[in-house]
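Okay, entry_14.txt is below, compact mmCIF, C-alpha atoms:
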# COMPACT_ATOMS: atom_id res chain seq x y z
CA MET G 5 14.95 -8.84 -29.16
CA PRO G 6 15.03 -10.08 -25.57
CA GLY G 7 18.52 -10.60 -24.18
CA PRO G 8 20.01 -13.87 -22.95
CA PRO G 9 18.51 -15.49 -19.83
CA VAL G 10 20.25 -14.64 -16.55
CA THR G 11 20.07 -16.63 -13.33
CA THR G 12 18.61 -14.83 -10.31
CA SER G 13 19.53 -15.48 -6.70
CA THR G 14 16.53 -17.81 -6.47
CA GLY G 15 17.80 -19.87 -9.40
CA VAL G 16 15.02 -18.87 -11.78
CA LYS G 17 16.13 -17.85 -15.26
CA VAL G 18 14.82 -14.48 -16.45
CA ARG G 19 15.60 -12.49 -19.56
CA VAL G 20 17.11 -9.04 -19.61
CA VAL G 21 15.29 -6.37 -21.59
CA THR G 22 16.32 -2.88 -22.58
CA LEU G 23 14.01 0.08 -22.34
CA LYS G 24 14.01 3.85 -22.02
CA ILE G 25 12.78 5.84 -19.03
CA ASN G 26 12.81 9.61 -19.54
CA GLU G 27 15.35 9.31 -22.38
CA HIS G 28 17.71 7.11 -20.29
CA ASP G 29 18.65 3.70 -21.72
CA ILE G 30 18.11 1.08 -19.06
CA GLY G 31 18.60 -2.67 -18.79
CA ALA G 32 16.22 -4.62 -16.55
CA ARG G 33 14.99 -8.12 -15.78
CA GLU G 34 11.79 -8.84 -17.66
CA THR G 35 10.03 -9.82 -14.41
CA ASP G 36 10.58 -6.40 -12.83
CA SER G 37 7.87 -3.76 -12.64
CA ILE G 38 8.45 -0.32 -14.12
CA LEU G 39 8.51 1.07 -10.56
CA ASP G 40 11.20 -1.46 -9.48
CA VAL G 41 13.35 -0.52 -12.44
CA ALA G 42 12.87 3.21 -11.95
CA GLN G 43 13.77 2.96 -8.26
CA ALA G 44 16.84 0.84 -9.01
CA ASN G 45 17.97 3.56 -11.43
CA HIS G 46 17.24 6.42 -9.02
CA ILE G 47 14.34 7.73 -11.09
CA ARG G 48 11.67 8.96 -8.69
CA ILE G 49 8.05 8.04 -9.43
CA PRO G 50 5.58 9.19 -6.75
CA SER G 51 3.68 6.26 -5.18
CA LEU G 52 1.46 5.72 -2.16
CA CYS G 53 -0.09 2.25 -1.86
CA PHE G 54 3.11 0.50 -3.01
CA LEU G 55 5.50 -0.66 -0.29
CA GLU G 56 8.55 -2.81 -0.87
CA GLY G 57 8.06 -6.17 0.83
CA LEU G 58 4.29 -6.28 0.29
CA SER G 59 2.28 -7.58 -2.66
CA THR G 60 1.42 -5.05 -5.35
CA TRP G 61 -2.01 -3.48 -5.10
CA GLY G 62 -2.12 -0.77 -7.81
CA ALA G 63 -4.96 1.16 -6.16
CA CYS G 64 -3.71 4.71 -5.62
CA ARG G 65 -2.72 5.39 -9.28
CA LEU G 66 -0.13 7.97 -8.23
CA CYS G 67 2.62 5.99 -9.97
CA VAL G 68 0.96 6.31 -13.39
CA VAL G 69 3.40 6.59 -16.28
CA GLU G 70 3.02 6.91 -20.04
CA ILE G 71 4.32 4.24 -22.39
CA GLU G 72 4.75 5.11 -26.05
CA GLY G 73 2.08 3.37 -28.10
CA TYR G 74 -0.20 2.68 -25.11
CA PRO G 75 -3.60 4.41 -25.30
CA ARG G 76 -3.67 5.43 -21.62
CA PRO G 77 -1.32 5.78 -18.65
CA VAL G 78 -0.56 2.63 -16.63
CA SER G 79 0.47 2.17 -13.00
CA ALA G 80 4.23 1.66 -12.79
CA CYS G 81 3.95 -0.67 -9.77
CA SER G 82 1.74 -3.23 -11.49
CA THR G 83 3.13 -3.14 -15.05
CA THR G 84 6.15 -5.28 -15.89
CA VAL G 85 8.77 -3.97 -18.25
CA SER G 86 9.18 -5.33 -21.77
CA GLU G 87 11.73 -4.99 -24.55
CA GLY G 88 11.83 -1.58 -26.20
CA MET G 89 9.39 0.20 -23.88
CA VAL G 90 9.67 3.99 -24.00
CA ILE G 91 8.42 5.36 -20.69
CA THR G 92 7.71 8.92 -19.53
CA THR G 93 7.28 9.53 -15.80
CA HIS G 94 6.61 13.27 -15.53
CA SER G 95 4.68 14.68 -18.50
CA ASP G 96 2.35 17.63 -17.93
CA ARG G 97 -0.61 15.25 -18.17
CA LEU G 98 0.82 12.87 -15.55
CA LYS G 99 1.61 15.75 -13.21
CA ARG G 100 -1.96 16.98 -13.62
CA TYR G 101 -3.37 13.51 -12.94
CA ARG G 102 -1.25 13.05 -9.81
CA ARG G 103 -2.25 16.43 -8.49
CA THR G 104 -5.93 15.67 -9.10
CA ILE G 105 -5.65 12.30 -7.33
CA LEU G 106 -4.13 14.05 -4.32
CA GLU G 107 -6.83 16.73 -4.34
CA LEU G 108 -9.52 14.05 -4.35
CA LEU G 109 -7.81 12.22 -1.47
CA PHE G 110 -7.58 15.43 0.58
CA ALA G 111 -11.22 16.31 -0.18
CA GLU G 112 -12.59 12.87 0.65
CA ARG G 113 -11.76 12.68 4.36
CA ASN G 114 -10.14 14.82 7.05
CA HIS G 115 -6.51 15.47 6.12
CA VAL G 116 -5.94 18.59 8.23
CA CYS G 117 -2.17 18.29 8.71
CA SER G 118 -1.67 20.88 11.43
CA VAL G 119 -3.44 18.87 14.14
CA CYS G 120 -2.46 15.38 12.95
CA VAL G 121 -0.17 13.13 15.01
CA SER G 122 1.65 12.30 11.77
CA ASN G 123 2.30 15.95 10.79
CA GLY G 124 5.81 16.13 9.37
CA HIS G 125 6.10 12.33 9.00
CA CYS G 126 3.25 11.67 6.58
CA GLU G 127 3.60 10.23 3.08
CA LEU G 128 0.38 11.92 1.90
CA GLN G 129 1.64 15.31 3.12
CA ASP G 130 5.02 14.69 1.46
CA LEU G 131 3.33 13.72 -1.81
CA ALA G 132 1.22 16.90 -1.80
CA ALA G 133 4.43 18.92 -1.43
CA GLU G 134 6.29 16.88 -4.06
CA CYS G 135 3.48 17.11 -6.62
CA GLY G 136 2.86 20.83 -6.03
CA MET G 137 -0.66 20.25 -4.71
CA ASP G 138 -0.96 23.64 -2.99
CA HIS G 139 -4.77 23.82 -2.84
CA VAL G 140 -7.83 21.62 -3.40
CA ARG G 141 -10.10 22.79 -6.19
CA VAL G 142 -12.99 20.37 -5.56
CA PRO G 143 -15.45 20.78 -2.65
CA TYR G 144 -14.47 19.04 0.59
CA ARG G 145 -16.90 16.24 1.50
CA ASN G 146 -16.86 17.00 5.25
CA GLN G 147 -18.19 13.56 6.15
CA PRO G 148 -17.23 12.18 9.56
CA TYR G 149 -15.80 8.67 9.90
CA ALA G 150 -15.36 6.60 13.05
CA VAL G 151 -12.35 6.58 15.36
CA ASP G 152 -11.69 3.25 17.10
CA SER G 153 -9.58 3.57 20.26
CA THR G 154 -10.53 0.22 21.79
CA HIS G 155 -7.10 -1.36 21.25
CA GLU G 156 -4.89 -0.93 24.30
CA MET G 157 -1.87 0.33 22.32
CA TYR G 158 -3.07 1.59 18.95
CA ARG G 159 -5.83 3.68 17.39
CA VAL G 160 -7.46 3.72 13.96
CA ASP G 161 -8.82 7.06 12.74
CA HIS G 162 -10.76 6.31 9.57
CA ASN G 163 -10.95 10.05 8.84
CA ARG G 164 -7.23 9.91 7.95
CA CYS G 165 -7.36 6.65 5.97
CA VAL G 166 -6.57 6.67 2.23
CA LEU G 167 -7.47 2.99 1.71
CA CYS G 168 -4.00 2.02 0.50
CA THR G 169 -4.54 -1.39 2.19
CA ARG G 170 -0.93 -1.61 3.37
CA CYS G 171 -2.27 -2.63 6.82
CA VAL G 172 -4.38 -5.39 5.27
CA ARG G 173 -1.43 -6.72 3.26
CA VAL G 174 1.21 -6.55 6.01
CA CYS G 175 -1.11 -8.27 8.50
CA ASP G 176 -1.93 -11.05 6.06
CA GLU G 177 1.35 -11.48 4.21
CA ILE G 178 3.98 -10.78 6.87
CA GLU G 179 2.35 -11.25 10.28
CA GLY G 180 0.03 -14.00 9.01
CA ALA G 181 -2.86 -12.85 11.21
CA HIS G 182 -5.20 -11.28 8.62
CA THR G 183 -6.90 -9.17 11.25
CA TRP G 184 -7.41 -6.34 8.75
CA ASP G 185 -9.64 -6.40 5.71
CA VAL G 186 -11.74 -4.02 3.62
CA MET G 187 -15.51 -3.56 3.80
CA GLY G 188 -18.05 -1.46 1.88
CA ARG G 189 -17.93 0.24 -1.50
CA GLY G 190 -17.19 3.74 -2.74
CA ILE G 191 -17.27 6.40 -0.02
CA GLU G 192 -18.50 3.76 2.46
CA CYS G 193 -15.33 1.73 1.96
CA GLN G 194 -13.19 1.30 5.05
CA VAL G 195 -10.63 -1.01 6.61
CA ILE G 196 -12.01 -3.26 9.34
CA THR G 197 -10.61 -5.51 12.07
CA ASP G 198 -11.93 -9.08 12.24
CA LEU G 199 -15.60 -9.11 11.17
CA ASN G 200 -15.99 -5.34 11.59
CA GLN G 201 -15.61 -5.71 15.35
CA PRO G 202 -13.83 -3.22 17.64
CA TRP G 203 -10.06 -3.58 17.27
CA GLY G 204 -9.69 -4.06 21.03
CA ASP G 205 -12.00 -7.10 20.89
CA SER G 206 -10.11 -8.73 18.02
CA SER G 207 -9.20 -12.35 18.71
CA SER G 208 -6.81 -12.53 15.74
CA CYS G 209 -4.73 -9.35 16.34
CA THR G 210 -1.31 -10.11 17.82
CA SER G 211 -0.70 -6.43 18.69
CA CYS G 212 2.55 -6.59 16.65
CA GLY G 213 2.02 -3.04 15.37
CA LYS G 214 3.23 -3.70 11.80
CA CYS G 215 0.03 -2.14 10.43
CA VAL G 216 0.81 1.05 12.35
CA GLN G 217 4.36 1.23 11.04
CA VAL G 218 3.41 0.78 7.37
CA CYS G 219 0.39 3.14 7.42
CA PRO G 220 1.41 6.15 5.29
CA THR G 221 -0.81 8.66 7.13
CA GLY G 222 -2.14 9.31 10.63
CA ALA G 223 -4.88 6.68 10.26
CA LEU G 224 -3.09 3.99 12.27
CA VAL G 225 -1.13 5.40 15.17
CA LYS G 226 0.28 4.61 18.59
CA LYS G 227 -1.89 5.91 21.40
CA GLY G 228 -0.50 8.72 23.49
CA THR G 229 1.05 10.63 20.60
CA ALA G 230 0.35 14.34 20.16
CA ALA G 231 0.43 16.40 16.93
CA GLY G 232 3.57 15.64 14.94
CA GLU G 233 4.84 12.98 17.34
CA MET G 234 3.96 9.83 15.39
CA GLU G 235 7.09 8.75 13.53
CA LYS G 236 6.88 5.46 11.68
CA HIS G 237 9.49 2.93 10.64
CA ASP G 238 8.88 0.42 7.87
CA GLU G 239 12.53 -0.43 7.09
CA PHE G 240 12.05 -3.88 8.66
CA LEU G 241 9.65 -4.93 5.94
CA PRO G 242 11.84 -6.06 3.00
CA TYR G 243 13.95 -8.13 5.44
CA LEU G 244 10.93 -9.84 6.98
CA ALA G 245 9.43 -10.44 3.55
CA GLN G 246 12.68 -12.02 2.37
CA MET G 247 13.00 -14.20 5.47
CA ARG G 248 9.42 -15.31 5.17
CA GLY G 249 9.80 -16.20 1.50
CA ASN G 250 6.75 -17.96 0.15
CA ARG G 251 5.74 -19.51 3.45
CA MET R 23 0.33 60.00 3.01
CA SER R 24 1.48 57.04 1.03
CA ASP R 25 4.44 57.20 -1.27
CA SER R 26 3.14 56.52 -4.78
CA ALA R 27 6.28 54.56 -5.77
CA LYS R 28 5.65 51.99 -3.06
CA ILE R 29 3.67 48.80 -3.49
CA THR R 30 0.45 48.94 -1.48
CA LEU R 31 -0.34 45.97 0.74
CA ALA R 32 -3.55 45.14 2.61
CA THR R 33 -4.07 42.24 5.01
CA ALA R 34 -6.97 40.85 7.02
CA TRP R 35 -7.67 37.81 9.14
CA LEU R 36 -10.89 35.95 8.72
CA ASP R 37 -11.53 32.74 10.68
CA GLY R 38 -7.99 32.05 11.83
CA CYS R 39 -5.98 32.29 15.03
CA SER R 40 -3.95 35.35 13.86
CA GLY R 41 -0.88 33.13 13.91
CA CYS R 42 -0.12 33.94 10.26
CA HIS R 43 -0.05 37.64 11.12
CA MET R 44 2.19 36.85 14.10
CA SER R 45 4.46 35.03 11.67
CA PHE R 46 4.40 38.16 9.49
CA LEU R 47 5.50 40.19 12.53
CA ASP R 48 8.25 37.60 13.04
CA LEU R 49 9.96 39.24 10.05
CA ASP R 50 11.42 41.39 12.87
CA GLN R 51 14.07 43.81 11.56
CA ARG R 52 13.17 42.84 8.00
CA LEU R 53 9.91 44.78 8.56
CA ILE R 54 12.00 47.96 8.38
CA GLU R 55 13.45 46.87 5.05
CA LEU R 56 9.94 45.98 3.89
CA ALA R 57 8.58 49.37 4.95
CA ALA R 58 11.01 51.02 2.53
CA LYS R 59 9.35 49.25 -0.41
CA VAL R 60 5.82 48.52 0.76
CA ASP R 61 3.06 50.65 2.18
CA ILE R 62 0.70 48.70 4.45
CA VAL R 63 -2.54 50.53 3.74
CA TYR R 64 -4.96 48.30 5.67
CA SER R 65 -4.36 45.57 8.25
CA PRO R 66 -5.20 44.50 11.82
CA ILE R 67 -1.67 45.67 12.68
CA VAL R 68 -2.15 49.24 11.39
CA ASP R 69 -4.76 51.84 12.25
CA THR R 70 -6.64 52.37 8.97
CA LYS R 71 -10.33 51.57 9.28
CA GLU R 72 -11.26 51.26 5.60
CA LEU R 73 -9.83 49.13 2.84
CA PRO R 74 -8.74 51.50 0.02
CA VAL R 75 -10.40 50.92 -3.35
CA ASP R 76 -7.22 50.11 -5.26
CA VAL R 77 -4.55 47.95 -3.61
CA ASP R 78 -1.63 46.12 -5.25
CA VAL R 79 -1.38 43.07 -3.01
CA GLY R 80 -4.00 41.64 -0.65
CA ILE R 81 -3.24 38.96 1.92
CA LEU R 82 -6.00 37.01 3.62
CA GLU R 83 -5.45 34.78 6.62
CA GLY R 84 -8.15 32.40 7.87
CA ALA R 85 -11.05 30.44 6.44
CA VAL R 86 -14.44 31.78 5.38
CA SER R 87 -16.78 30.90 8.27
CA THR R 88 -19.22 33.81 8.59
CA GLU R 89 -21.18 36.23 6.42
CA GLU R 90 -18.67 38.90 7.45
CA ASN R 91 -15.71 36.74 6.33
CA LEU R 92 -17.46 36.28 3.00
CA GLN R 93 -18.01 40.03 2.63
CA ILE R 94 -14.35 40.82 3.41
CA ALA R 95 -13.08 38.14 1.02
CA ARG R 96 -15.23 39.58 -1.77
CA MET R 97 -14.13 43.13 -0.99
CA PHE R 98 -10.45 42.10 -1.04
CA ARG R 99 -10.92 40.37 -4.39
CA GLU R 100 -12.63 43.42 -5.81
CA ARG R 101 -10.02 45.91 -4.60
CA CYS R 102 -6.73 43.98 -4.72
CA LYS R 103 -4.89 43.33 -7.97
CA PHE R 104 -3.10 40.28 -6.55
CA LEU R 105 -4.73 38.18 -3.81
CA ILE R 106 -2.82 35.75 -1.58
CA SER R 107 -4.29 33.02 0.63
CA LEU R 108 -1.91 32.95 3.58
CA GLY R 109 -1.77 29.85 5.75
CA ASP R 110 -3.61 26.56 5.94
CA CYS R 111 -6.96 28.01 7.14
CA ALA R 112 -7.14 30.30 4.11
CA VAL R 113 -5.85 27.59 1.75
CA SER R 114 -7.70 24.50 3.02
CA GLY R 115 -10.13 25.48 5.80
CA ASN R 116 -7.80 23.75 8.29
CA VAL R 117 -8.93 23.67 11.93
CA PRO R 118 -11.95 26.02 11.56
CA SER R 119 -13.38 23.67 8.92
CA MET R 120 -13.36 20.75 11.33
CA ARG R 121 -16.76 21.94 12.60
CA ASN R 122 -18.15 21.04 9.17
CA THR R 123 -18.74 17.43 10.18
CA PHE R 124 -21.13 18.58 12.93
CA ASP R 125 -24.61 20.00 12.65
CA LEU R 126 -24.49 23.80 13.04
CA ASP R 127 -27.15 23.70 15.80
CA ASP R 128 -25.01 21.26 17.76
CA VAL R 129 -21.98 23.52 17.31
CA PHE R 130 -23.95 26.48 18.74
CA ASP R 131 -25.27 24.47 21.66
CA HIS R 132 -21.85 23.07 22.47
CA ALA R 133 -20.12 26.45 22.34
CA PHE R 134 -22.74 28.67 23.99
CA VAL R 135 -24.87 26.38 26.17
CA GLU R 136 -23.40 23.03 27.13
CA THR R 137 -19.91 24.22 28.01
CA VAL R 138 -20.86 27.60 29.49
CA GLN R 139 -21.61 28.13 33.20
CA ALA R 140 -22.35 31.87 33.33
CA GLN R 141 -25.45 32.87 31.36
CA PRO R 142 -25.62 29.99 28.92
CA GLY R 143 -27.59 30.82 25.79
CA ARG R 144 -27.12 31.48 22.12
CA PRO R 145 -26.03 35.00 21.13
CA THR R 146 -28.82 36.94 19.46
CA GLU R 147 -27.01 40.10 18.36
CA SER R 148 -23.63 41.67 17.48
CA LEU R 149 -22.13 38.47 16.06
CA PRO R 150 -21.90 37.74 12.34
CA THR R 151 -24.04 34.89 11.05
CA LEU R 152 -22.15 31.61 10.83
CA LEU R 153 -22.11 29.89 7.46
CA ARG R 154 -23.29 26.29 7.47
CA THR R 155 -20.01 25.17 5.93
CA VAL R 156 -16.54 26.64 6.47
CA VAL R 157 -14.68 26.91 3.14
CA PRO R 158 -11.23 27.98 1.96
CA ILE R 159 -11.01 31.43 0.37
CA HIS R 160 -10.58 30.18 -3.20
CA HIS R 161 -13.96 28.42 -2.94
CA VAL R 162 -15.67 31.85 -2.78
CA VAL R 163 -13.35 34.17 -4.77
CA ASN R 164 -10.42 33.69 -7.17
CA VAL R 165 -7.04 33.57 -5.45
CA ASP R 166 -3.74 34.28 -7.23
CA LEU R 167 -1.27 32.60 -4.87
CA PHE R 168 -1.49 29.94 -2.17
CA VAL R 169 0.94 29.97 0.74
CA GLN R 170 0.58 26.87 2.89
CA GLY R 171 1.71 26.43 6.46
CA CYS R 172 0.27 26.58 9.95
CA PRO R 173 1.59 29.19 10.12
CA PRO R 174 3.87 29.81 7.12
CA SER R 175 7.28 30.76 8.52
CA ALA R 176 8.52 34.35 8.48
CA ASP R 177 11.11 33.21 5.94
CA THR R 178 8.33 31.92 3.67
CA ILE R 179 6.43 35.21 3.94
CA TRP R 180 9.66 37.14 3.30
CA TYR R 181 10.38 35.02 0.21
CA VAL R 182 6.86 35.56 -1.17
CA LEU R 183 6.89 39.32 -0.59
CA THR R 184 10.41 39.94 -1.91
CA GLU R 185 9.71 37.91 -5.04
CA LEU R 186 6.55 39.91 -5.67
CA ILE R 187 8.41 43.18 -5.05
CA ALA R 188 11.03 42.05 -7.58
CA GLY R 189 8.25 41.51 -10.12
CA ARG R 190 8.47 37.71 -10.10
CA THR R 191 5.76 35.16 -9.24
CA PRO R 192 6.93 33.16 -6.22
CA ASP R 193 6.52 29.38 -5.93
CA PRO R 194 6.12 28.79 -2.18
CA THR R 195 5.55 25.02 -2.61
CA GLN R 196 9.34 24.65 -2.62
CA ILE R 197 9.69 25.96 0.93
CA THR R 198 6.42 25.36 2.75
CA ARG R 199 3.66 22.75 2.90
CA PHE R 200 0.34 21.88 4.59
CA GLY R 201 0.89 21.72 8.34
CA ALA R 202 4.40 23.24 8.17
For this file, write the structure as structure tokens.
Amino acid sequence: MPGPPVTTSTGVKVRVVTLKINEHDIGARETDSILDVAQANHIRIPSLCFLEGLSTWGACRLCVVEIEGYPRPVSACSTTVSEGMVITTHSDRLKRYRRTILELLFAERNHVCSVCVSNGHCELQDLAAECGMDHVRVPYRNQPYAVDSTHEMYRVDHNRCVLCTRCVRVCDEIEGAHTWDVMGRGIECQVITDLNQPWGDSSSCTSCGKCVQVCPTGALVKKGTAAGEMEKHDEFLPYLAQMRGNR
Amino acid sequence: MSDSAKITLATAWLDGCSGCHMSFLDLDQRLIELAAKVDIVYSPIVDTKELPVDVDVGILEGAVSTEENLQIARMFRERCKFLISLGDCAVSGNVPSMRNTFDLDDVFDHAFVETVQAQPGRPTESLPTLLRTVVPIHHVVNVDLFVQGCPPSADTIWYVLTELIAGRTPDPTQITRFGA
């Protein structure tokens, strides 16, 4: 049975539910996602497209978890908790799925770490290490993608892009510019600025650089950085999101 | 003559920068300790010219980029009981594989004609045939262990070798990674 309603800081009443994650009994608000609850309880679930402060996208599927009674794994970021859920975050199957997702990401575009400006500060590289992805079993696609260096401060290297859409969301939801969007399908899919115009010619970009800071890989970077020099900082995001509220 | 109680080790570099072997040499004084337990029977850093037919551990650095690389990789697989891909080029193709997005003819022209002042022209002899696509070693032969890093640190190599000597299977993912 759902617990009694509790009042949140925003004044909305939500119920408290109890559930199990990896054998641990946990209480959570019924509006929270599985990923929120896991993070709040220091249970690590690998994730890539999710970023606190941005809307939930659910595209990368790295945060898949198993729920007892569900026919297939679900993404923890986009599934809300409910009373009595029994969740597993690291079964052999889930580990295999995560590893395969990472292998496909590495095979799809150029993710050669050694010469990347983000080497050592890259979420994709960290995830490969965390998930034990020590080699790629599928053939590499070896397809070249464009590099756009027309912006005076920043560069987009589509070869390093994993299509997490964090740049699209931060630009729209936090900066309010909506310079970034997504175009094309399948392997042709890529992020674009304005109406697929060079970034440097964009009339909507404010050059705030939030997209660069939230990009998990070396796809969006500051110009003038050499291998390993591009460190990013996205700590500002939850604060800005909170200050912005629903405006 | 090799001591029969010692583990035999063979190494080779394919399409790599030799940095992984330099990292191996960075074991420094630990090389002496290693020499007490391991016999290096074939390697660019020893004088033997032929890979023996039966070797305990084989280590390959570098990607497979030429017909010769392919031949060596196959020979190592055939003759080594346990085969290790050492470093990012061997494990993922790394920098050598970045030519894969270009047409092979353009690669030749750029390397031997466009950027060369003295006697520009494609080589016609003495060089192994380039493969159209550079691939990691495990895409052409089975590999038993993957050691990432560009290059893997001497400590990583030491960990891998000492674990193998102790009869255990090392898990290098705990101490190294792509690009490390």
Extract, using all atoms listed in the file, all DNA, RNA and protein residues at most 12 Å from segment 115-120 of chain R, discarding same-chain residues fewer than 3 positions from it, and format them as an mmCIF file with C-alpha atoms, in the coordinates of the input.
data_model
loop_
_atom_site.group_PDB
_atom_site.id
_atom_site.type_symbol
_atom_site.label_atom_id
_atom_site.label_comp_id
_atom_site.auth_asym_id
_atom_site.auth_seq_id
_atom_site.Cartn_x
_atom_site.Cartn_y
_atom_site.Cartn_z
ATOM 1 C CA PHE G 110 -7.580 15.430 0.580
ATOM 2 C CA ALA G 111 -11.220 16.310 -0.180
ATOM 3 C CA ARG G 113 -11.760 12.680 4.360
ATOM 4 C CA ASN G 114 -10.140 14.820 7.050
ATOM 5 C CA HIS G 115 -6.510 15.470 6.120
ATOM 6 C CA VAL G 116 -5.940 18.590 8.230
ATOM 7 C CA CYS G 117 -2.170 18.290 8.710
ATOM 8 C CA SER G 118 -1.670 20.880 11.430
ATOM 9 C CA VAL G 119 -3.440 18.870 14.140
ATOM 10 C CA CYS G 120 -2.460 15.380 12.950
ATOM 11 C CA HIS G 139 -4.770 23.820 -2.840
ATOM 12 C CA VAL G 140 -7.830 21.620 -3.400
ATOM 13 C CA PRO G 143 -15.450 20.780 -2.650
ATOM 14 C CA TYR G 144 -14.470 19.040 0.590
ATOM 15 C CA ARG G 145 -16.900 16.240 1.500
ATOM 16 C CA ASN G 146 -16.860 17.000 5.250
ATOM 17 C CA GLN G 147 -18.190 13.560 6.150
ATOM 18 C CA PRO G 148 -17.230 12.180 9.560
ATOM 19 C CA ASN G 163 -10.950 10.050 8.840
ATOM 20 C CA LEU R 36 -10.890 35.950 8.720
ATOM 21 C CA ASP R 37 -11.530 32.740 10.680
ATOM 22 C CA GLY R 38 -7.990 32.050 11.830
ATOM 23 C CA CYS R 39 -5.980 32.290 15.030
ATOM 24 C CA GLU R 83 -5.450 34.780 6.620
ATOM 25 C CA GLY R 84 -8.150 32.400 7.870
ATOM 26 C CA ALA R 85 -11.050 30.440 6.440
ATOM 27 C CA VAL R 86 -14.440 31.780 5.380
ATOM 28 C CA SER R 87 -16.780 30.900 8.270
ATOM 29 C CA THR R 88 -19.220 33.810 8.590
ATOM 30 C CA SER R 107 -4.290 33.020 0.630
ATOM 31 C CA LEU R 108 -1.910 32.950 3.580
ATOM 32 C CA GLY R 109 -1.770 29.850 5.750
ATOM 33 C CA ASP R 110 -3.610 26.560 5.940
ATOM 34 C CA CYS R 111 -6.960 28.010 7.140
ATOM 35 C CA ALA R 112 -7.140 30.300 4.110
ATOM 36 C CA THR R 123 -18.740 17.430 10.180
ATOM 37 C CA PHE R 124 -21.130 18.580 12.930
ATOM 38 C CA ASP R 125 -24.610 20.000 12.650
ATOM 39 C CA LEU R 126 -24.490 23.800 13.040
ATOM 40 C CA VAL R 129 -21.980 23.520 17.310
ATOM 41 C CA LEU R 152 -22.150 31.610 10.830
ATOM 42 C CA LEU R 153 -22.110 29.890 7.460
ATOM 43 C CA ARG R 154 -23.290 26.290 7.470
ATOM 44 C CA THR R 155 -20.010 25.170 5.930
ATOM 45 C CA VAL R 156 -16.540 26.640 6.470
ATOM 46 C CA VAL R 157 -14.680 26.910 3.140
ATOM 47 C CA PRO R 158 -11.230 27.980 1.960
ATOM 48 C CA ILE R 159 -11.010 31.430 0.370
ATOM 49 C CA HIS R 160 -10.580 30.180 -3.200
ATOM 50 C CA HIS R 161 -13.960 28.420 -2.940
ATOM 51 C CA GLN R 170 0.580 26.870 2.890
ATOM 52 C CA GLY R 171 1.710 26.430 6.460
ATOM 53 C CA CYS R 172 0.270 26.580 9.950
ATOM 54 C CA PRO R 173 1.590 29.190 10.120
ATOM 55 C CA PHE R 200 0.340 21.880 4.590
ATOM 56 C CA GLY R 201 0.890 21.720 8.340
#
Work out how far apart atom CA of Gly73 of chain G and atom CA of Val21 of chain G are and give it in Å to one decimal.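 Separation between atom CA of Gly73 of chain G and atom CA of Val21 of chain G: 17.7 Å.
Taking atom CA of Ala181 of chain G and atom CA of Leu241 of chain G as the two end points, the separation is 15.7 Å.
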Quick one: everything within 12 Å of Asp29 of chain G, counting only C-alpha atoms, minus sequence neighbours fewer than 3 positions away in the same chain. Send it as JSON, numbers by chain. {"G": [21, 22, 23, 24, 25, 26, 32, 41, 42, 45, 87, 88, 89, 90, 91]}
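Residue nearest Lys226 of chain G within the list G:Cys168, G:Tyr243, G:Asp185, G:Asp161: G:Asp161 [criterion: smallest interatomic distance, all atoms listed in the file].
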Counting all atoms listed in the file, the residue of G:Thr35, G:Asn123, G:Thr93, G:Thr84 that sits nearest chain R: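 Of the candidates, the smallest distance to chain R is held by G:Asn123.
With distances restricted to only C-alpha atoms, G:Val151 is the closest residue to Leu224 of chain G from G:Val20, G:Val151, G:Ile30, G:Ile191.
If only C-alpha atoms are the atoms counted, then among G:Ala245, G:Val160, G:Cys175, G:Leu128 the closest residue to chain R is G:Leu128.
With only C-alpha atoms as the atoms that count, the minimum distance from chain G to the choices R:Leu53, R:Ala95, R:Val163, R:Leu183 is reached by R:Val163.
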Of G:His46, G:Lys99, G:Lys214, G:Arg141, the one sitting nearest Val162 of chain R when using all atoms listed in the file is G:Arg141
